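Below: the structure, in structure tokens.
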Amino acid sequence: MDKYLVIFDCDGVLVDSEQIVQDIDLLMIAELGWPITRDEIFDEHLGRSEQAVARNIERRTGKPLPAGFLQERRARYLHAFETELKPVVGIEAAVKQLQVMSTPTCIASSGNHERMNLTLGVTGLRRHFAGRIFSGDEVERGKPAPDLFLHAARSMTYDPADCVVVEDSPSGVTAARSAGMRVVAYAGLTPARFLQEADTVIADMGELVDTIERLRVTS
């Protein structure tokens with residue numbers, strides 16, 4: 001694999017949004033009658049589309065979501081992102097190092113483009129991925145199905161076997177593996193025990209580029 005593509009998830013990999021999102025969800029979902037835990041968020045929601053999360057909340061509570069719930073959830077996210085969001089520690093240096101190495105990169109996230117435009121804009125990361133940002137809204141099935149990663153690879157004209165995915169969610173790791181891609185899992189917030197399906201797990205983005213290079217050489 002002389003030439004390879006690095007596909008980044010967004011939330012929790014590029015932007016440090018997961019703690020913000022989870023804190024909001026812990027409050028809002030508990031108000032619906034499900035006292036959800038952070039481990040349940042990791043296991044059942046992390047990396048999945050809004051529609052999949054909504055269906056799971058309805059299954060868990062046994063009733064439809066209240067009118068306006070998702071809109072209020074989005075509004076709280078966006079307000080918090082505008083005031084609190086930062087890049088994941090070490091990620092910009094890693095992305096710049098890949099650029100120096102002429103390694104192609106893109107983003108494939110369950111989030112919609114509106115959300116990514118905000119989060120990547122607030123953190124100053126959007127300029128590194130202009131024209132190479134793919135959303136779960138563009139495919140029929142979201143993570144853990146492989147569709148989004150396959151769509152990103154196809155759009156970037158890379159074979160799945162020549163792609164390395166950087167993920168932080170169990171569903172994202174499963175999606176990448178199902179797509180036939182190598183996976184580096186980042187356990188910055190997600191406990192490593194939820195990410196064991198990945199080829200390797202790191203806890204420091206300072207290790208990312210060397211880890212990707214090792215995977216490339218051994219593939």
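We name chains A, B, ... following the order of the structure tokens; residues begin at 1 in each chain, and ligands are numbered from 1 as shown.
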Mind listing the strand (DSSP E or B) residues of region 89-179 of chain A, per DSSP on the backbone, as a PyMOL selection string? chain A and resi 105-109+133-135+163-167
Could you write out, as a PyMOL selection string, all the residues of chain A that DSSP marks as alpha helix (DSSP H)? chain A and resi 18-30+38-44+50-61+69-84+91-100+113-123+147-155+170-178+208-218
With distances taken over only C-alpha atoms, which residue among A:Leu208, A:His128, A:Pro144, A:Thr83 lies nearest Ala187 (chain A)? A:Leu208
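Among A:Ala80, A:Leu195, A:Ala153, A:Ala130, the residue with the shortest atom-to-atom distance to Ser169 (chain A), counting only C-alpha atoms, is A:Leu195.
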What's around Asp23 (chain A) at 12 Å? Count only C-alpha atoms, leave out sequence neighbours fewer than 2 positions away in its own chain, and write the answer as a PyMOL selection string. chain A and resi 17-21+25-30+36-38+41+73+76-77+80
For Asp137 (chain A), work out the shell of residues within 8 Å, counting only C-alpha atoms and skipping chain neighbours fewer than 5 positions away, then give it as a tab-separated table (two decimals) with N, CA and C atoms, in the first residue's frame.
```tsv
chain	number	residue	atom	x	y	z
A	110	SER	N	-20.99	10.78	10.89
A	110	SER	CA	-22.44	10.64	10.97
A	110	SER	C	-23.14	11.98	11.07
A	111	GLY	N	-22.43	13.01	11.50
A	111	GLY	CA	-23.01	14.34	11.62
A	111	GLY	C	-23.38	14.94	10.28
A	112	ASN	N	-24.32	15.87	10.27
A	112	ASN	CA	-24.70	16.52	9.02
A	112	ASN	C	-23.71	17.64	8.68
```
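Distances here use only C-alpha atoms; by that measure, the residue among A:Asn56, A:Asp204, A:Gln22, A:Cys106 closest to Ala93 (chain A) is A:Asp204.
What separates CA of Leu120 (chain A) from CA of Ile7 (chain A) is a distance of 15.3 Å.
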Show me, as a compact mmCIF listing (two decimals) with all heavy atoms, in the first residue's frame, the residues that have an atom within 12 Å of region 85-89 of chain A when counting only C-alpha atoms, minus same-chain residues fewer than 6 positions from it.
```txt
# COMPACT_ATOMS: atom_id res chain seq x y z
N ASP A 9 -13.06 10.27 11.32
CA ASP A 9 -14.33 10.65 11.90
C ASP A 9 -14.16 12.09 12.38
O ASP A 9 -13.05 12.61 12.45
CB ASP A 9 -14.66 9.70 13.07
CG ASP A 9 -15.95 10.06 13.76
OD1 ASP A 9 -16.93 10.38 13.05
OD2 ASP A 9 -15.99 10.04 15.00
N CYS A 10 -15.26 12.75 12.72
CA CYS A 10 -15.18 14.15 13.15
C CYS A 10 -15.30 14.29 14.67
O CYS A 10 -14.32 14.61 15.35
CB CYS A 10 -16.24 14.98 12.44
SG CYS A 10 -16.13 16.76 12.78
N ASP A 11 -16.50 14.04 15.21
CA ASP A 11 -16.73 14.25 16.64
C ASP A 11 -15.91 13.28 17.48
O ASP A 11 -15.99 12.06 17.30
CB ASP A 11 -18.22 14.07 16.96
CG ASP A 11 -19.06 15.17 16.34
OD1 ASP A 11 -18.85 16.33 16.71
OD2 ASP A 11 -19.91 14.86 15.48
N GLY A 12 -15.11 13.82 18.37
CA GLY A 12 -14.30 12.98 19.25
C GLY A 12 -12.96 12.59 18.67
O GLY A 12 -12.11 12.07 19.40
N VAL A 13 -12.76 12.85 17.38
CA VAL A 13 -11.48 12.56 16.72
C VAL A 13 -10.80 13.85 16.29
O VAL A 13 -9.62 14.07 16.56
CB VAL A 13 -11.69 11.61 15.51
CG1 VAL A 13 -10.42 11.51 14.67
CG2 VAL A 13 -12.12 10.23 15.98
N LEU A 14 -11.55 14.71 15.62
CA LEU A 14 -11.03 16.02 15.21
C LEU A 14 -11.43 17.11 16.19
O LEU A 14 -10.61 17.95 16.57
CB LEU A 14 -11.53 16.37 13.81
CG LEU A 14 -11.07 15.47 12.67
CD1 LEU A 14 -11.77 15.87 11.38
CD2 LEU A 14 -9.56 15.53 12.48
N VAL A 15 -12.71 17.11 16.56
CA VAL A 15 -13.20 18.14 17.49
C VAL A 15 -13.61 17.47 18.81
O VAL A 15 -14.16 16.38 18.81
CB VAL A 15 -14.38 18.93 16.88
CG1 VAL A 15 -13.92 19.63 15.62
CG2 VAL A 15 -15.57 18.04 16.59
N ASP A 16 -13.31 18.15 19.90
CA ASP A 16 -13.50 17.57 21.23
C ASP A 16 -14.94 17.80 21.70
O ASP A 16 -15.20 18.47 22.70
CB ASP A 16 -12.51 18.18 22.20
CG ASP A 16 -12.33 17.35 23.46
OD1 ASP A 16 -12.90 16.24 23.52
OD2 ASP A 16 -11.64 17.81 24.38
N SER A 17 -15.88 17.21 20.96
CA SER A 17 -17.31 17.48 21.17
C SER A 17 -18.01 16.42 22.01
O SER A 17 -19.11 16.67 22.52
CB SER A 17 -18.02 17.58 19.82
OG SER A 17 -17.77 16.40 19.06
N GLU A 18 -17.43 15.26 22.16
CA GLU A 18 -18.18 14.16 22.75
C GLU A 18 -18.57 14.42 24.21
O GLU A 18 -19.67 14.10 24.63
CB GLU A 18 -17.40 12.85 22.65
CG GLU A 18 -17.23 12.34 21.21
CD GLU A 18 -18.53 12.00 20.52
OE1 GLU A 18 -19.61 12.11 21.14
OE2 GLU A 18 -18.49 11.61 19.35
N GLN A 19 -17.69 15.00 24.98
CA GLN A 19 -18.03 15.31 26.37
C GLN A 19 -19.20 16.29 26.43
O GLN A 19 -20.13 16.13 27.22
CB GLN A 19 -16.82 15.92 27.09
CG GLN A 19 -17.07 16.22 28.56
CD GLN A 19 -16.92 14.99 29.45
OE1 GLN A 19 -15.97 14.23 29.31
NE2 GLN A 19 -17.87 14.79 30.36
N ILE A 20 -19.16 17.31 25.56
CA ILE A 20 -20.24 18.29 25.50
C ILE A 20 -21.56 17.62 25.16
O ILE A 20 -22.59 17.82 25.82
CB ILE A 20 -19.90 19.38 24.46
CG1 ILE A 20 -18.67 20.18 24.89
CG2 ILE A 20 -21.10 20.31 24.23
CD1 ILE A 20 -18.14 21.12 23.81
N VAL A 21 -21.56 16.82 24.09
CA VAL A 21 -22.76 16.14 23.61
C VAL A 21 -23.30 15.19 24.67
O VAL A 21 -24.51 15.15 24.94
CB VAL A 21 -22.44 15.39 22.31
CG1 VAL A 21 -23.54 14.39 21.97
CG2 VAL A 21 -22.24 16.37 21.16
N TYR A 77 -26.75 21.65 21.49
CA TYR A 77 -25.43 21.28 20.98
C TYR A 77 -24.75 22.50 20.35
O TYR A 77 -23.59 22.82 20.65
CB TYR A 77 -25.55 20.21 19.88
CG TYR A 77 -25.85 18.80 20.32
CD1 TYR A 77 -25.98 17.80 19.36
CD2 TYR A 77 -26.00 18.45 21.65
CE1 TYR A 77 -26.24 16.50 19.72
CE2 TYR A 77 -26.27 17.15 22.02
CZ TYR A 77 -26.40 16.17 21.04
OH TYR A 77 -26.66 14.88 21.39
N LEU A 78 -25.46 23.14 19.42
CA LEU A 78 -24.85 24.23 18.66
C LEU A 78 -24.43 25.38 19.57
O LEU A 78 -23.35 25.96 19.39
CB LEU A 78 -25.81 24.72 17.58
CG LEU A 78 -26.15 23.69 16.49
CD1 LEU A 78 -27.11 24.29 15.47
CD2 LEU A 78 -24.90 23.18 15.79
N HIS A 79 -25.25 25.71 20.54
CA HIS A 79 -24.88 26.79 21.48
C HIS A 79 -23.62 26.42 22.25
O HIS A 79 -22.70 27.25 22.41
CB HIS A 79 -26.03 27.05 22.44
CG HIS A 79 -25.68 28.07 23.49
ND1 HIS A 79 -25.54 29.41 23.22
CD2 HIS A 79 -25.40 27.92 24.82
CE1 HIS A 79 -25.21 30.05 24.32
NE2 HIS A 79 -25.12 29.19 25.31
N VAL A 95 -2.55 16.19 11.60
CA VAL A 95 -3.06 16.46 10.25
C VAL A 95 -2.01 17.18 9.42
O VAL A 95 -1.78 16.86 8.24
CB VAL A 95 -4.37 17.28 10.33
CG1 VAL A 95 -4.78 17.78 8.95
CG2 VAL A 95 -5.49 16.44 10.93
N LEU A 118 -20.01 24.07 11.35
CA LEU A 118 -19.86 24.84 12.58
C LEU A 118 -18.67 24.33 13.40
O LEU A 118 -17.78 25.11 13.77
CB LEU A 118 -21.13 24.75 13.43
CG LEU A 118 -21.02 25.38 14.82
CD1 LEU A 118 -20.75 26.87 14.73
CD2 LEU A 118 -22.28 25.10 15.64
N THR A 119 -18.64 23.02 13.69
CA THR A 119 -17.61 22.51 14.58
C THR A 119 -16.21 22.64 13.99
O THR A 119 -15.26 23.02 14.69
CB THR A 119 -17.89 21.04 14.96
OG1 THR A 119 -17.90 20.23 13.77
CG2 THR A 119 -19.21 20.88 15.68
N LEU A 120 -16.09 22.36 12.70
CA LEU A 120 -14.78 22.48 12.07
C LEU A 120 -14.39 23.94 11.88
O LEU A 120 -13.20 24.29 11.92
CB LEU A 120 -14.78 21.76 10.72
CG LEU A 120 -14.96 20.23 10.80
CD1 LEU A 120 -15.22 19.66 9.41
CD2 LEU A 120 -13.74 19.56 11.43
N GLY A 121 -15.40 24.80 11.69
CA GLY A 121 -15.12 26.22 11.56
C GLY A 121 -14.67 26.84 12.88
O GLY A 121 -13.68 27.58 12.94
N VAL A 122 -15.39 26.52 13.96
CA VAL A 122 -15.07 27.07 15.28
C VAL A 122 -13.65 26.66 15.70
O VAL A 122 -12.92 27.45 16.31
CB VAL A 122 -16.10 26.58 16.32
CG1 VAL A 122 -15.60 26.81 17.74
CG2 VAL A 122 -17.43 27.29 16.12
N THR A 123 -13.26 25.44 15.36
CA THR A 123 -11.96 24.93 15.79
C THR A 123 -10.83 25.23 14.79
O THR A 123 -9.67 24.91 15.06
CB THR A 123 -12.03 23.40 15.99
OG1 THR A 123 -12.51 22.79 14.77
CG2 THR A 123 -12.95 23.06 17.14
N GLY A 124 -11.17 25.81 13.63
CA GLY A 124 -10.15 26.15 12.64
C GLY A 124 -9.66 24.98 11.82
O GLY A 124 -8.65 25.10 11.10
N LEU A 125 -10.36 23.85 11.87
CA LEU A 125 -9.89 22.65 11.16
C LEU A 125 -10.49 22.50 9.76
O LEU A 125 -9.98 21.70 8.96
CB LEU A 125 -10.23 21.40 11.99
CG LEU A 125 -9.52 21.28 13.34
CD1 LEU A 125 -10.09 20.10 14.12
CD2 LEU A 125 -8.02 21.11 13.14
N ARG A 126 -11.54 23.23 9.45
CA ARG A 126 -12.23 23.02 8.18
C ARG A 126 -11.31 23.23 6.99
O ARG A 126 -11.41 22.53 5.97
CB ARG A 126 -13.45 23.94 8.10
CG ARG A 126 -14.34 23.69 6.88
CD ARG A 126 -15.66 24.43 7.01
NE ARG A 126 -15.45 25.86 7.22
CZ ARG A 126 -16.36 26.69 7.72
NH1 ARG A 126 -17.54 26.21 8.09
NH2 ARG A 126 -16.10 27.96 7.86
N ASP A 168 -13.45 6.88 17.02
CA ASP A 168 -13.49 6.84 18.48
C ASP A 168 -14.74 6.16 19.00
O ASP A 168 -14.98 6.16 20.21
CB ASP A 168 -13.41 8.26 19.06
CG ASP A 168 -14.73 9.02 18.90
OD1 ASP A 168 -15.33 8.93 17.81
OD2 ASP A 168 -15.14 9.69 19.86
N TYR A 186 -9.21 5.89 18.68
CA TYR A 186 -8.70 6.89 19.63
C TYR A 186 -9.52 6.81 20.91
O TYR A 186 -10.72 7.08 20.92
CB TYR A 186 -8.79 8.28 19.01
CG TYR A 186 -8.43 9.39 19.97
CD1 TYR A 186 -7.17 9.45 20.56
CD2 TYR A 186 -9.36 10.39 20.28
CE1 TYR A 186 -6.84 10.47 21.44
CE2 TYR A 186 -9.04 11.42 21.16
CZ TYR A 186 -7.78 11.45 21.74
OH TYR A 186 -7.45 12.46 22.61
N ALA A 187 -8.86 6.46 22.00
CA ALA A 187 -9.52 6.31 23.29
C ALA A 187 -9.24 7.54 24.16
O ALA A 187 -8.77 7.43 25.29
CB ALA A 187 -9.03 5.04 23.99
N GLY A 188 -9.57 8.72 23.61
CA GLY A 188 -9.39 9.94 24.38
C GLY A 188 -10.47 10.09 25.44
O GLY A 188 -10.20 10.44 26.58
N LEU A 189 -11.71 9.81 25.05
CA LEU A 189 -12.84 9.82 25.98
C LEU A 189 -13.48 8.45 26.06
O LEU A 189 -13.85 7.99 27.13
CB LEU A 189 -13.88 10.86 25.54
CG LEU A 189 -15.16 10.90 26.37
CD1 LEU A 189 -14.85 11.29 27.83
CD2 LEU A 189 -16.17 11.89 25.77
N ALA A 203 -4.21 6.45 22.84
CA ALA A 203 -4.81 7.40 23.77
C ALA A 203 -4.23 8.80 23.61
O ALA A 203 -4.63 9.71 24.33
CB ALA A 203 -4.62 6.92 25.21
N ASP A 204 -3.31 8.96 22.66
CA ASP A 204 -2.61 10.23 22.47
C ASP A 204 -2.48 10.47 20.96
O ASP A 204 -1.91 9.64 20.24
CB ASP A 204 -1.24 10.15 23.12
CG ASP A 204 -0.44 11.43 23.02
OD1 ASP A 204 -0.83 12.33 22.25
OD2 ASP A 204 0.59 11.54 23.72
N MET A 205 -3.03 11.59 20.48
CA MET A 205 -2.94 11.88 19.04
C MET A 205 -1.51 12.11 18.58
O MET A 205 -1.22 12.06 17.39
CB MET A 205 -3.81 13.09 18.69
CG MET A 205 -5.29 12.76 18.57
SD MET A 205 -5.61 11.52 17.28
CE MET A 205 -7.42 11.47 17.34
N GLY A 206 -0.60 12.31 19.51
CA GLY A 206 0.81 12.39 19.15
C GLY A 206 1.35 11.09 18.59
O GLY A 206 2.38 11.07 17.91
N GLU A 207 0.63 9.99 18.84
CA GLU A 207 1.05 8.67 18.34
C GLU A 207 0.41 8.34 16.99
O GLU A 207 0.74 7.31 16.39
CB GLU A 207 0.62 7.59 19.34
CG GLU A 207 1.12 7.77 20.76
CD GLU A 207 0.47 6.78 21.72
OE1 GLU A 207 -0.11 5.78 21.25
OE2 GLU A 207 0.51 7.02 22.93
N LEU A 208 -0.49 9.20 16.51
CA LEU A 208 -1.34 8.80 15.38
C LEU A 208 -0.56 8.52 14.11
O LEU A 208 -0.73 7.46 13.49
CB LEU A 208 -2.39 9.89 15.11
CG LEU A 208 -3.34 9.60 13.94
CD1 LEU A 208 -4.15 8.34 14.20
CD2 LEU A 208 -4.25 10.79 13.68
```
Which one is closest to Met156 (chain A): A:Ile91, A:Ser49, A:Thr200, A:Thr105? Count only C-alpha atoms. A:Thr105
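Closest approach to Ser109 (chain A) among A:Asp199, A:Asp147, A:Glu31, A:Glu44: A:Asp147, based on only C-alpha atoms.
Using only C-alpha atoms, the nearest neighbour of Phe69 (chain A) within the list A:Leu32, A:Val6, A:Met101, A:Val201 is A:Leu32.
You will find CA of Leu98 (chain A) at 18.3 Å from CA of Met181 (chain A).
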If you count only C-alpha atoms, which residues fall within 9 Å of region 51-55 of chain A, apart from same-chain ones fewer than 3 positions away, as number ranges by chain? A: 44-46, 48, 58-60, 64-65, 70, 142
Could you save those same residues with N, CA and C atoms as a PDB file, in the first residue's frame?
```pdb
ATOM      1  N   GLU A  44     -24.468   2.360  22.912  1.00  0.00           N
ATOM      2  CA  GLU A  44     -25.674   2.371  22.093  1.00  0.00           C
ATOM      3  C   GLU A  44     -25.812   3.577  21.171  1.00  0.00           C
ATOM      4  N   HIS A  45     -25.121   4.676  21.443  1.00  0.00           N
ATOM      5  CA  HIS A  45     -25.338   5.899  20.678  1.00  0.00           C
ATOM      6  C   HIS A  45     -24.102   6.444  19.989  1.00  0.00           C
ATOM      7  N   LEU A  46     -22.935   6.254  20.552  1.00  0.00           N
ATOM      8  CA  LEU A  46     -21.739   6.927  20.053  1.00  0.00           C
ATOM      9  C   LEU A  46     -21.481   6.571  18.592  1.00  0.00           C
ATOM     10  N   ARG A  48     -23.434   7.005  16.048  1.00  0.00           N
ATOM     11  CA  ARG A  48     -24.619   6.671  15.260  1.00  0.00           C
ATOM     12  C   ARG A  48     -25.368   7.931  14.842  1.00  0.00           C
ATOM     13  N   GLU A  58     -36.668   5.931  21.829  1.00  0.00           N
ATOM     14  CA  GLU A  58     -38.080   5.536  21.818  1.00  0.00           C
ATOM     15  C   GLU A  58     -38.245   4.075  22.244  1.00  0.00           C
ATOM     16  N   ARG A  59     -37.316   3.234  21.819  1.00  0.00           N
ATOM     17  CA  ARG A  59     -37.364   1.818  22.223  1.00  0.00           C
ATOM     18  C   ARG A  59     -37.153   1.683  23.722  1.00  0.00           C
ATOM     19  N   ARG A  60     -36.213   2.460  24.243  1.00  0.00           N
ATOM     20  CA  ARG A  60     -35.875   2.365  25.668  1.00  0.00           C
ATOM     21  C   ARG A  60     -36.959   2.952  26.567  1.00  0.00           C
ATOM     22  N   PRO A  64     -43.055   7.594  21.921  1.00  0.00           N
ATOM     23  CA  PRO A  64     -42.457   8.493  20.923  1.00  0.00           C
ATOM     24  C   PRO A  64     -41.749   9.672  21.588  1.00  0.00           C
ATOM     25  N   LEU A  65     -40.765  10.208  20.913  1.00  0.00           N
ATOM     26  CA  LEU A  65     -40.099  11.403  21.417  1.00  0.00           C
ATOM     27  C   LEU A  65     -41.076  12.574  21.421  1.00  0.00           C
ATOM     28  N   LEU A  70     -35.764  16.722  19.273  1.00  0.00           N
ATOM     29  CA  LEU A  70     -34.530  16.699  18.491  1.00  0.00           C
ATOM     30  C   LEU A  70     -34.070  18.112  18.129  1.00  0.00           C
ATOM     31  N   GLY A 142     -26.405   4.371   8.000  1.00  0.00           N
ATOM     32  CA  GLY A 142     -25.334   4.965   8.780  1.00  0.00           C
ATOM     33  C   GLY A 142     -24.492   3.902   9.482  1.00  0.00           C
TER      34      GLY A 142
END
```
I'd like the contact shell of Glu213 (chain A) - 12 Å cut-off, only C-alpha atoms, skipping same-chain residues fewer than 3 positions apart - returned as an MDAnalysis selection string. chainID A and resid 1:6 97:98 101 103 163:164 182 184 207:210 216:219
